[in-house]
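Visitor: After the structure tokens below, expect a handful of questions from me.
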Amino acid sequence: MHKKIFIVGFMASGKTTYGRKLAEELKIPFLDTDSIIEANIGMSISSFFSQWGEKYFRRMERDVLYGLLSKQESFVCATGGGSVCQPDIMDWLNRAGETIWLNTPWEQIVLRIKGDTSRPLVARHSLEELKSLYEQRCIYYQKAKKVIF
């Protein structure tokens, strides 16, 4: 039986780190939507955001996730922090496989993102604005089948 596992959560919640460990433990491939996009576009996500904007980036995330849903093999996938906040994405991921929300406390995320200008949203928003975004996105993350604190 094929197993598709999608790790969701806010930026800097540990999706890539946790996803790699889980994939290794399960002996299945690890995928990261951000890495897939960077390989496809030939530039960093930060550069892409600056040049093309968030709206177009979200469409690319959606296309990458659609492509993964059609794969027949097993994998663990770390999703982008905002990718599952688009209409119906969490529903599709829940139907296609397992979803795990890394529910990392805001205070821990702040320690991880402070001064990290490689993240487009961190470079453009205040901590207060990011906290508001975090709270808005939790509504989508809560749809995951499993939660890890």
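Following the order of the structure tokens, chains are lettered A, B, ..., residues in each are numbered from 1, and ligands are numbered from 1.
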If we count only C-alpha atoms, what is near stretch 86-94 of chain A at a cut-off of 8 Å, once residues fewer than 5 positions away on the same chain are taken out, given as a ChimeraX atom specification?

Guide: /A:6,62,69,99,140-141,143-145

Visitor: Run DSSP on the backbone and tell me which residues of stretch 21-140 of chain A come out as alpha helix (DSSP H); list them as a ChimeraX atom specification.

Guide: /A:21-26,33-41,45-52,54-69,89-96,106-113,120-124,127-140

Visitor: Compare A:Ile100, A:Ile45, A:Val84, A:Met60 by their minimum atom-to-atom distance to A:Gly14, counting only C-alpha atoms, and give me the closest one.

Guide: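 Answer, going by the shortest atom-to-atom distance: A:Ile100.
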
Visitor: Which residues, written as a list in words, have at least one atom at most 12 Å from A:Gln108, with only C-alpha atoms counted and residues fewer than 6 positions away on the same chain left out?

Guide: Phe10, Met11, Ala12, Ser13, Gly14, Leu102, Lys114, Lys131 and Phe149 of chain A

Visitor: As JSON, numbers by chain, list the residues of chain A assigned to strand (DSSP E) by DSSP on the backbone atoms of this structure.

Guide: {"A": [4, 5, 6, 7, 8, 30, 31, 32, 75, 76, 77, 78, 98, 99, 100, 101, 102, 146, 147, 148]}

Visitor: Let me make sure I understand: among A:Val110, A:Lys15, A:Trp101, A:Ser83, which one has the smallest atom-to-atom distance to A:Lys55 if we use only C-alpha atoms?

Guide: A:Ser83

Visitor: Considering only C-alpha atoms, state which residue in the set A:Tyr18, A:Phe30, A:Phe48, A:Tyr134 is at the smallest distance from A:Glu73.

Guide: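 Closest to A:Glu73, using only C-alpha atoms: A:Phe30.
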
Visitor: Record the distance separating atom CA of A:Leu22 and atom CA of A:Lys4, expressed in Å with one decimal.

Guide: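 It comes out at 11.8 Å.
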
Visitor: For A:His125, work out the shell of residues within 12 Å, counting only C-alpha atoms and skipping chain neighbours fewer than 5 positions away, then give it as a PyMOL selection string.

Guide: chain A and resi 113-117+119-120+130-133
